[in-house]
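Next comes model-v1.txt, a file with compact mmCIF, C-alpha atoms.
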# COMPACT_ATOMS: atom_id res chain seq x y z
CA ARG A 26 -16.95 -18.22 10.84
CA GLY A 27 -16.30 -15.71 13.60
CA ASN A 28 -17.61 -12.18 13.18
CA LEU A 29 -15.14 -9.34 12.66
CA ARG A 30 -15.14 -6.92 15.61
CA ILE A 31 -13.31 -3.58 15.50
CA SER A 32 -12.96 -1.44 18.63
CA SER A 33 -11.04 1.65 19.76
CA GLY A 34 -10.53 3.92 22.77
CA LYS A 35 -9.19 1.40 25.26
CA TYR A 36 -5.51 1.10 24.28
CA ALA A 37 -2.78 3.50 23.08
CA ARG A 38 -4.70 6.72 23.67
CA PHE A 39 -1.64 8.94 23.11
CA THR A 40 -1.39 7.85 19.47
CA ASP A 41 -3.09 9.67 16.60
CA GLY A 42 -5.27 6.61 15.99
CA CYS A 43 -5.63 3.09 17.36
CA ALA A 44 -7.88 0.16 16.50
CA VAL A 45 -8.17 -3.44 17.67
CA ALA A 46 -9.60 -6.02 15.27
CA GLU A 47 -10.80 -9.38 16.60
CA GLN A 48 -12.10 -12.52 14.93
CA GLY A 49 -12.55 -15.65 16.98
CA ASP A 50 -9.64 -15.67 19.43
CA THR A 51 -7.30 -13.84 17.06
CA SER A 52 -6.72 -10.20 17.97
CA VAL A 53 -4.58 -7.49 16.32
CA MET A 54 -3.86 -3.94 17.52
CA VAL A 55 -2.72 -1.22 15.10
CA THR A 56 -1.46 2.22 16.16
CA ALA A 57 -1.00 5.11 13.72
CA VAL A 58 1.11 8.21 14.32
CA SER A 59 2.28 11.01 12.03
CA LYS A 60 4.63 13.96 12.52
CA PRO A 61 3.08 17.45 12.46
CA LYS A 62 5.80 18.85 10.18
CA PRO A 63 6.49 17.74 6.56
CA THR A 64 9.75 16.26 5.34
CA PRO A 65 11.73 17.63 2.38
CA SER A 66 11.39 14.31 0.54
CA SER A 67 9.27 14.02 -2.62
CA PHE A 68 7.47 10.85 -1.47
CA LEU A 69 5.39 9.66 1.46
CA PRO A 70 7.73 8.31 4.20
CA LEU A 71 5.31 5.62 5.40
CA VAL A 72 6.58 2.84 7.68
CA VAL A 73 4.51 -0.25 8.49
CA ASP A 74 5.89 -2.59 11.15
CA TYR A 75 4.06 -5.91 11.56
CA ARG A 76 5.25 -7.98 14.52
CA GLN A 77 4.07 -11.51 15.26
CA LYS A 78 5.31 -12.08 18.79
CA ALA A 79 5.54 -15.52 20.33
CA ALA A 80 3.56 -14.29 23.35
CA ALA A 81 0.49 -14.01 21.11
CA ALA A 82 0.44 -17.80 20.93
CA GLY A 83 1.27 -18.17 24.65
CA ARG A 84 4.88 -19.20 24.03
CA ILE A 85 8.40 -18.09 24.87
CA PRO A 86 10.71 -17.34 21.88
CA THR A 87 12.67 -20.46 20.98
CA ASN A 88 15.94 -18.71 20.08
CA PHE A 89 19.03 -18.88 22.31
CA LEU A 90 18.44 -15.46 23.92
CA ARG A 91 14.75 -16.18 24.62
CA ARG A 92 13.99 -12.70 23.28
CA GLU A 93 12.05 -11.28 20.35
CA LEU A 94 14.63 -10.59 17.64
CA GLY A 95 14.37 -8.57 14.42
CA PRO A 96 11.49 -9.00 11.97
CA SER A 97 11.34 -12.31 10.12
CA GLU A 98 10.91 -12.61 6.35
CA HIS A 99 7.22 -13.38 6.80
CA GLU A 100 6.70 -10.27 8.96
CA ILE A 101 8.45 -8.09 6.36
CA LEU A 102 6.25 -9.48 3.57
CA VAL A 103 3.06 -8.89 5.57
CA SER A 104 4.22 -5.33 6.31
CA ARG A 105 4.60 -4.77 2.56
CA VAL A 106 1.10 -6.09 1.88
CA ILE A 107 -0.34 -3.64 4.42
CA ASP A 108 1.77 -0.80 2.96
CA ARG A 109 0.57 -1.47 -0.60
CA SER A 110 -3.04 -1.49 0.61
CA LEU A 111 -2.80 1.88 2.39
CA ARG A 112 -0.28 3.99 0.46
CA PRO A 113 -2.39 4.71 -2.70
CA LEU A 114 -5.11 6.42 -0.64
CA PHE A 115 -2.94 9.07 1.01
CA PRO A 116 -3.55 12.48 -0.59
CA ALA A 117 -1.05 13.78 -3.14
CA GLY A 118 1.60 16.00 -1.58
CA PHE A 119 1.26 14.48 1.91
CA ASN A 120 4.95 14.04 2.81
CA TYR A 121 4.70 13.71 6.58
CA GLU A 122 6.50 10.86 8.33
CA THR A 123 3.83 8.30 9.20
CA GLN A 124 4.21 5.04 11.11
CA LEU A 125 1.84 2.14 11.68
CA VAL A 126 2.78 -0.49 14.25
CA VAL A 127 0.84 -3.75 14.00
CA ASN A 128 0.97 -5.93 17.11
CA LEU A 129 -0.51 -9.40 17.19
CA LEU A 130 -2.13 -9.68 20.63
CA ALA A 131 -3.51 -13.22 20.37
CA VAL A 132 -3.74 -15.93 17.73
CA ASP A 133 -5.96 -19.01 17.63
CA GLY A 134 -4.45 -20.71 14.57
CA ILE A 135 -7.76 -20.59 12.68
CA HIS A 136 -8.45 -16.97 11.75
CA ASP A 137 -6.02 -15.03 9.56
CA PRO A 138 -4.10 -12.26 11.41
CA GLU A 139 -2.85 -10.75 8.12
CA ILE A 140 -6.36 -9.84 6.92
CA LEU A 141 -7.25 -8.56 10.39
CA SER A 142 -4.13 -6.36 10.30
CA ILE A 143 -5.18 -4.65 7.05
CA ASN A 144 -8.69 -3.99 8.38
CA ALA A 145 -7.37 -2.74 11.73
CA ALA A 146 -4.88 -0.45 9.96
CA SER A 147 -7.72 0.95 7.87
CA ALA A 148 -9.78 1.64 10.99
CA ALA A 149 -6.84 3.20 12.86
CA LEU A 150 -6.17 5.67 10.02
CA CYS A 151 -9.86 6.53 9.70
CA LEU A 152 -10.21 7.19 13.44
CA SER A 153 -7.04 9.33 13.49
CA ASP A 154 -6.60 12.93 12.34
CA ILE A 155 -4.14 11.80 9.64
CA PRO A 156 -5.39 12.77 6.14
CA TRP A 157 -6.35 9.58 4.33
CA ASN A 158 -8.95 8.81 1.66
CA GLY A 159 -10.12 5.53 3.14
CA PRO A 160 -11.47 3.32 4.54
CA ILE A 161 -10.63 0.01 2.89
CA GLY A 162 -11.75 -3.53 3.58
CA ALA A 163 -9.77 -6.74 3.07
CA VAL A 164 -10.67 -10.41 2.74
CA ARG A 165 -8.90 -13.58 1.71
CA VAL A 166 -10.67 -15.56 -1.01
CA GLY A 167 -10.34 -19.29 -1.66
CA LEU A 168 -11.75 -21.59 -4.33
CA ILE A 169 -12.71 -25.11 -3.27
CA ASP A 170 -14.48 -27.37 -5.79
CA ASN A 171 -15.14 -24.28 -7.94
CA GLU A 172 -16.97 -22.63 -5.04
CA VAL A 173 -15.78 -19.31 -3.65
CA VAL A 174 -14.91 -19.34 0.07
CA ILE A 175 -14.44 -16.04 1.93
CA ASN A 176 -11.73 -16.00 4.62
CA PRO A 177 -10.99 -19.76 4.54
CA SER A 178 -9.27 -21.37 7.51
CA ARG A 179 -5.75 -22.77 7.23
CA LYS A 180 -7.11 -26.27 6.77
CA GLU A 181 -9.43 -25.11 3.98
CA LEU A 182 -6.58 -23.28 2.25
CA THR A 183 -4.67 -26.55 1.85
CA ASN A 184 -7.53 -27.80 -0.37
CA SER A 185 -8.06 -24.51 -2.18
CA ASP A 186 -7.02 -23.86 -5.79
CA LEU A 187 -6.86 -20.12 -5.08
CA ASN A 188 -5.32 -18.01 -2.32
CA LEU A 189 -6.16 -14.38 -3.07
CA ILE A 190 -6.11 -11.25 -0.89
CA VAL A 191 -8.64 -8.66 -2.12
CA VAL A 192 -8.47 -5.09 -0.80
CA ALA A 193 -11.18 -2.66 -1.90
CA THR A 194 -12.51 0.74 -0.96
CA SER A 195 -15.97 2.25 -1.26
CA GLN A 196 -17.88 2.15 -4.56
CA SER A 197 -16.39 -1.32 -5.17
CA LEU A 198 -13.01 0.04 -6.27
CA VAL A 199 -10.17 -2.48 -6.01
CA VAL A 200 -7.03 -1.11 -4.35
CA MET A 201 -4.77 -4.17 -4.18
CA LEU A 202 -4.73 -7.83 -5.20
CA GLU A 203 -2.17 -10.40 -4.14
CA GLY A 204 -2.21 -14.17 -4.30
CA PHE A 205 -1.46 -17.32 -6.21
CA CYS A 206 -3.46 -20.15 -7.69
CA ASN A 207 -3.39 -23.41 -9.58
CA ASN A 208 -4.67 -23.53 -13.15
CA ILE A 209 -8.21 -22.16 -12.84
CA LEU A 210 -10.60 -20.73 -15.41
CA GLN A 211 -10.80 -16.97 -15.83
CA GLN A 212 -14.49 -16.96 -14.99
CA TYR A 213 -13.80 -18.44 -11.55
CA PHE A 214 -10.99 -15.95 -10.94
CA LEU A 215 -13.23 -13.00 -11.81
CA LYS A 216 -16.01 -14.46 -9.70
CA ALA A 217 -13.61 -14.67 -6.74
CA ILE A 218 -12.61 -11.02 -7.15
CA LYS A 219 -16.23 -9.87 -7.37
CA SER A 220 -17.19 -11.90 -4.30
CA GLY A 221 -14.21 -10.50 -2.38
CA VAL A 222 -15.04 -6.90 -3.32
CA LYS A 223 -18.67 -7.42 -2.26
CA GLU A 224 -17.57 -8.66 1.18
CA CYS A 225 -15.11 -5.76 1.48
CA GLN A 226 -17.99 -3.30 1.13
CA LYS A 227 -19.53 -4.59 4.37
CA ILE A 228 -16.26 -3.93 6.22
CA VAL A 229 -15.89 -0.48 4.63
CA GLN A 230 -19.42 0.50 5.69
CA SER A 231 -18.78 -0.67 9.26
CA ILE A 232 -15.54 1.35 9.52
CA GLN A 233 -17.30 4.42 8.08
CA LYS A 234 -19.99 4.09 10.74
CA LEU A 235 -17.33 3.80 13.48
CA GLN A 236 -15.50 6.83 12.04
CA LYS A 237 -18.65 8.98 12.20
CA GLU A 238 -19.16 8.07 15.86
CA CYS A 239 -15.57 8.13 17.18
CA GLY A 240 -13.28 9.58 14.50
CA LYS A 241 -11.17 12.73 14.92
CA VAL A 242 -11.37 15.71 12.57
CA LYS A 243 -8.74 15.38 9.84
CA ARG A 244 -5.87 17.85 10.12
CA THR A 245 -5.04 20.31 7.36
CA PHE A 246 -1.63 20.06 5.75
CA GLU A 247 0.55 21.98 3.32
CA ALA A 248 0.74 19.99 0.11
CA ARG A 249 3.98 20.00 -1.82
CA VAL A 250 3.77 22.45 -4.75
CA GLN A 251 3.25 20.59 -8.02
CA PRO A 252 5.20 21.59 -11.18
CA GLU A 253 3.46 24.10 -13.46
CA GLN A 254 1.74 22.75 -16.57
CA GLU A 255 3.95 24.88 -18.85
CA LEU A 256 7.06 23.29 -17.40
CA LEU A 257 5.55 19.79 -17.65
CA ASP A 258 4.70 20.34 -21.33
CA ALA A 259 8.22 21.58 -22.06
CA VAL A 260 9.83 18.61 -20.30
CA LYS A 261 7.54 16.13 -22.08
CA THR A 262 8.19 17.66 -25.51
CA MET A 263 11.97 17.57 -25.07
CA SER A 264 12.36 14.16 -23.43
CA SER A 265 9.40 11.89 -24.29
CA MET A 266 10.91 10.27 -27.42
CA LYS A 267 14.26 9.64 -25.74
CA LEU A 268 12.60 8.13 -22.67
CA LYS A 269 10.38 5.86 -24.76
CA ASP A 270 13.46 4.58 -26.64
CA ILE A 271 15.23 3.88 -23.35
CA PHE A 272 12.25 2.13 -21.71
CA THR A 273 11.67 -0.08 -24.77
CA ASP A 274 15.35 -1.02 -25.26
CA PHE A 275 15.45 -4.48 -23.69
CA SER A 276 19.21 -4.80 -24.18
CA LEU A 277 19.71 -2.42 -21.22
CA ASP A 278 19.90 -3.72 -17.69
CA LYS A 279 18.76 -1.72 -14.66
CA THR A 280 22.08 0.07 -14.09
CA SER A 281 22.65 1.08 -17.71
CA ARG A 282 19.00 2.14 -18.09
CA ASP A 283 19.28 4.41 -15.06
CA GLU A 284 22.46 5.93 -16.50
CA LYS A 285 20.71 6.67 -19.80
CA VAL A 286 17.78 8.31 -17.99
CA ARG A 287 20.22 10.34 -15.91
CA GLU A 288 21.93 11.57 -19.09
CA VAL A 289 18.55 12.70 -20.51
CA ARG A 290 17.80 14.52 -17.25
CA THR A 291 21.18 16.32 -17.24
CA ASP A 292 20.79 17.37 -20.87
CA LEU A 293 17.26 18.59 -20.13
CA LEU A 294 18.44 20.73 -17.21
CA GLU A 295 20.98 22.55 -19.40
CA LYS A 296 18.52 23.19 -22.25
CA LEU A 297 15.66 24.44 -20.05
CA LYS A 298 17.86 26.79 -18.03
CA SER A 299 19.15 28.47 -21.20
CA GLY A 300 15.96 28.23 -23.30
CA MET A 301 13.25 29.66 -21.00
CA GLU A 302 12.75 33.35 -20.19
CA VAL A 303 12.31 32.67 -16.49
CA ALA A 304 14.59 29.75 -15.76
CA PRO A 305 13.00 27.27 -13.30
CA SER A 306 15.04 25.92 -10.42
CA GLN A 307 16.83 22.60 -10.62
CA GLU A 308 14.39 21.10 -8.09
CA GLU A 309 11.34 22.14 -10.16
CA ILE A 310 12.81 20.65 -13.32
CA GLY A 311 13.72 17.46 -11.45
CA GLU A 312 10.18 17.06 -10.08
CA ALA A 313 8.66 17.69 -13.51
CA PHE A 314 11.02 15.13 -15.05
CA VAL A 315 9.97 12.49 -12.49
CA VAL A 316 6.27 13.14 -13.24
CA VAL A 317 6.87 12.85 -17.00
CA CYS A 318 8.90 9.64 -16.56
CA LYS A 319 6.08 8.01 -14.61
CA ASP A 320 3.44 9.12 -17.13
CA ILE A 321 5.44 7.81 -20.10
CA PHE A 322 6.17 4.48 -18.43
CA ARG A 323 2.50 4.12 -17.50
CA GLU A 324 1.46 4.84 -21.10
CA LEU A 325 3.89 2.22 -22.38
CA VAL A 326 2.47 -0.37 -19.96
CA PHE A 327 -1.05 0.15 -21.34
CA GLU A 328 -0.06 0.54 -24.99
CA THR A 329 2.60 -2.15 -25.41
CA LYS A 330 2.11 -4.28 -22.24
CA LEU A 331 5.68 -3.43 -21.26
Please lay out the structure from this file as structure tokens.
Amino acid sequence: RGNLRISSGKYARFTDGCAVAEQGDTSVMVTAVSKPKPTPSSFLPLVVDYRQKAAAAGRIPTNFLRRELGPSEHEILVSRVIDRSLRPLFPAGFNYETQLVVNLLAVDGIHDPEILSINAASAALCLSDIPWNGPIGAVRVGLIDNEVVINPSRKELTNSDLNLIVVATSQSLVVMLEGFCNNILQQYFLKAIKSGVKECQKIVQSIQKLQKECGKVKRTFEARVQPEQELLDAVKTMSSMKLKDIFTDFSLDKTSRDEKVREVRTDLLEKLKSGMEVAPSQEEIGEAFVVVCKDIFRELVFETKL
């Protein structure tokens, strides 16, 4: 199989970070940019745009206009895979608009551009001054005749019982898994994950080495103020039982469940404003309520396999 090569410094020098990943004759360029000022939103406004242009295969678009149109379903799904691999490693409170543009420069039909895109995105963020707790490495794992195959070709995938994308960071920590398989034994599935994580470590170490040589100093940023522990405890005490009842009531659909949660939030706002000596603002209570909702739902997932 072709060796993975990651380079930087030749293209897109005005961006915060750029990396080109190559394997065989397949080449992907990823650029990363981030605004210097934060947004008022309570989440990370990260945009990943993966584009698989016909020119990468040496063709002209086959549509009537002979132009590249909007993103296809496949491109949107690949963008989501890249997003899910990167988003968990951004620091808490980093609410700066960030965009990654993934351009497929060339494709040979053998090597997987999706895996290259994840690795190139990881390198671009590491080389940039954007705060990010990476790098990550990604591989595709197949299982042919009960033997694990790393980064199988398209032809090999047709004979594989497993098609699994493994994304891991340093210290062998898994960040994201996505794939599908036929009926295989658990031992082979776990073996595939372990083999994938082991291969990811080689990519992570290579990107870390490149970062030390060419990476920019990470910028400092103003993290969004987190709710005080006293407020979190008060919100949890007053709403935890009601939220658990709502989340475990399977007769509710999405709309009605959201309405019930909204009612609990409104009732909580009124009680906290009148019951505390120093009344917190509506925004502070809302942020604390969101944190408590996530914690309770997470607990239910582990306790009851919700």
- [ ] Kindly give the distance, in Å, that separates CA of Ser59 (chain A) and CA of Val199 (chain A), rounded to a single decimal.
- [x] 25.7 Å
- [ ] Select, from A:Met263, A:Ile169, A:Ala163, A:Ala304, the residue with the minimum atom-to-atom distance to Ile143 (chain A), counting all atoms listed in the file.
- [x]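 Ranking A:Met263, A:Ile169, A:Ala163, A:Ala304 by distance to Ile143 (chain A), first place goes to A:Ala163.
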- [ ] Write out as number ranges by chain the residues lying within 12 Å of Val316 (chain A), counting all atoms listed in the file and excluding same-chain residues fewer than 4 positions away.
- [x] A: 67, 251-254, 256-258, 260-261, 264-265, 309-312, 320-323
Task: Interatomic distance, CA of Asn120 (chain A) to CA of Lys60 (chain A) (Å, one decimal) - done: 9.7 Å
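Proximity ranking of A:Glu238, A:Asp170, A:Glu139, A:Glu122 relative to Gly34 (chain A) places A:Glu238 first, based on all atoms listed in the file.
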Task: 7 Å contact set for Asn128 (chain A), all atoms listed in the file, chain neighbours under 6 positions out, as a list in words - done: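 Neighbouring residues, sequence-local ones excluded: Val53, Met54, Val55, Tyr75, Arg76 and Gln77 of chain A.
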Open item on the list: Between CA of Gly27 (chain A) and CA of Glu181 (chain A), what is the distance in Å, rounded to a tenth?
Closed with: 15.1 Å
- [ ] Dig up all the protein and nucleic acid residues within 12 Å of (-12.5, -2.3, 1.7) in the file frame, using all atoms listed in the file, and format them as an MDAnalysis selection string.
- [x] chainID A and resid 110:111 114 140:141 143:148 158:165 190:202 221:233
Open item on the list: Which residues are near Thr291 (chain A)? Cut-off 12 Å, only C-alpha atoms, ignore same chain within fewer than 3 positions. Put them as a list in words.
Closed with: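 Result of the neighbour search: Val260, Ser264, Glu284, Lys285, Val286, Arg287, Glu288, Leu294, Glu295, Lys296, Leu297, Lys298, Gln307, Ile310, Gly311 and Phe314 of chain A.
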Open item on the list: So that I can check the surroundings of Gln124 (chain A), please list as an NGL selection string every protein, DNA and RNA residue that reaches within 12 Å of it, counting all atoms listed in the file and ignoring chain neighbours fewer than 2 positions away.
Closed with: :A and (40-43 or 55-60 or 69-75 or 104 or 107-108 or 111-112 or 121-122 or 126-127 or 146 or 149-150 or 155)
Polymer residues at most 8 Å from region 239-246 of chain A, all atoms listed in the file, same-chain spacing of 4 or more positions, as an mmCIF file with C-alpha atoms, in the frame of the given file:
data_model
loop_
_atom_site.group_PDB
_atom_site.id
_atom_site.type_symbol
_atom_site.label_atom_id
_atom_site.label_comp_id
_atom_site.auth_asym_id
_atom_site.auth_seq_id
_atom_site.Cartn_x
_atom_site.Cartn_y
_atom_site.Cartn_z
ATOM 1 C CA PHE A 119 1.260 14.480 1.910
ATOM 2 C CA CYS A 151 -9.860 6.530 9.700
ATOM 3 C CA LEU A 152 -10.210 7.190 13.440
ATOM 4 C CA SER A 153 -7.040 9.330 13.490
ATOM 5 C CA ASP A 154 -6.600 12.930 12.340
ATOM 6 C CA ILE A 155 -4.140 11.800 9.640
ATOM 7 C CA PRO A 156 -5.390 12.770 6.140
ATOM 8 C CA LEU A 235 -17.330 3.800 13.480
#
Task: A:Asn208, A:Glu255, A:Thr280, A:His136 ranked by distance to Pro177 (chain A), top pick (using only C-alpha atoms) - done: A:His136
Given 6 Å on each side, where is the centre and what are the edge lengths in Å to one decimal of the axis-aligned box enclosing the listed atoms of region 128-145 of chain A, as AutoDock Vina command-line options?
--center_x -3.9 --center_y -11.7 --center_z 13.8 --size_x 21.7 --size_y 30.0 --size_z 25.7
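Of the residues under consideration (A:Ser299, A:Ser52, A:Ser220, A:Thr262), A:Ser52 shows the shortest atom-to-atom contact distance to Ala131 (chain A) when counting only C-alpha atoms.
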Contacts of region 124-197 of chain A with region 78-95 of chain A up to 7 Å, shortest pair per row, all atoms listed in the file, as a Markdown table:
| residue | atom | partner | partner_atom | distance |
| --- | --- | --- | --- | --- |
| A:Leu129 | CA | A:Ala81 | CA | 6.1 |
| A:Leu130 | CA | A:Ala81 | CA | 5.1 |
| A:Ala131 | CA | A:Ala81 | CA | 4.1 |
| A:Val132 | CA | A:Ala82 | CA | 5.6 |
Go ahead and save the picked residues with C-alpha atoms, as a PDB file, in the frame of the given file.
ATOM      1  CA  LEU A 129      -0.510  -9.400  17.190  1.00  0.00           C
ATOM      2  CA  LEU A 130      -2.130  -9.680  20.630  1.00  0.00           C
ATOM      3  CA  ALA A 131      -3.510 -13.220  20.370  1.00  0.00           C
ATOM      4  CA  VAL A 132      -3.740 -15.930  17.730  1.00  0.00           C
TER       5      VAL A 132
END
- [ ] Choose the residue, out of A:Thr123, A:Asn184, A:Ser281, A:Arg105, that has the smallest atom-to-atom separation from Pro61 (chain A); count all atoms listed in the file.
- [x]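 Going through A:Thr123, A:Asn184, A:Ser281, A:Arg105 one by one, the smallest distance to Pro61 (chain A) is for A:Thr123.
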Open item on the list: Let me make sure I understand: among A:Ser97, A:Gln212, A:Ser178, A:Thr329, which one has the smallest atom-to-atom distance to Asp133 (chain A) if we use only C-alpha atoms?
Closed with: A:Ser178
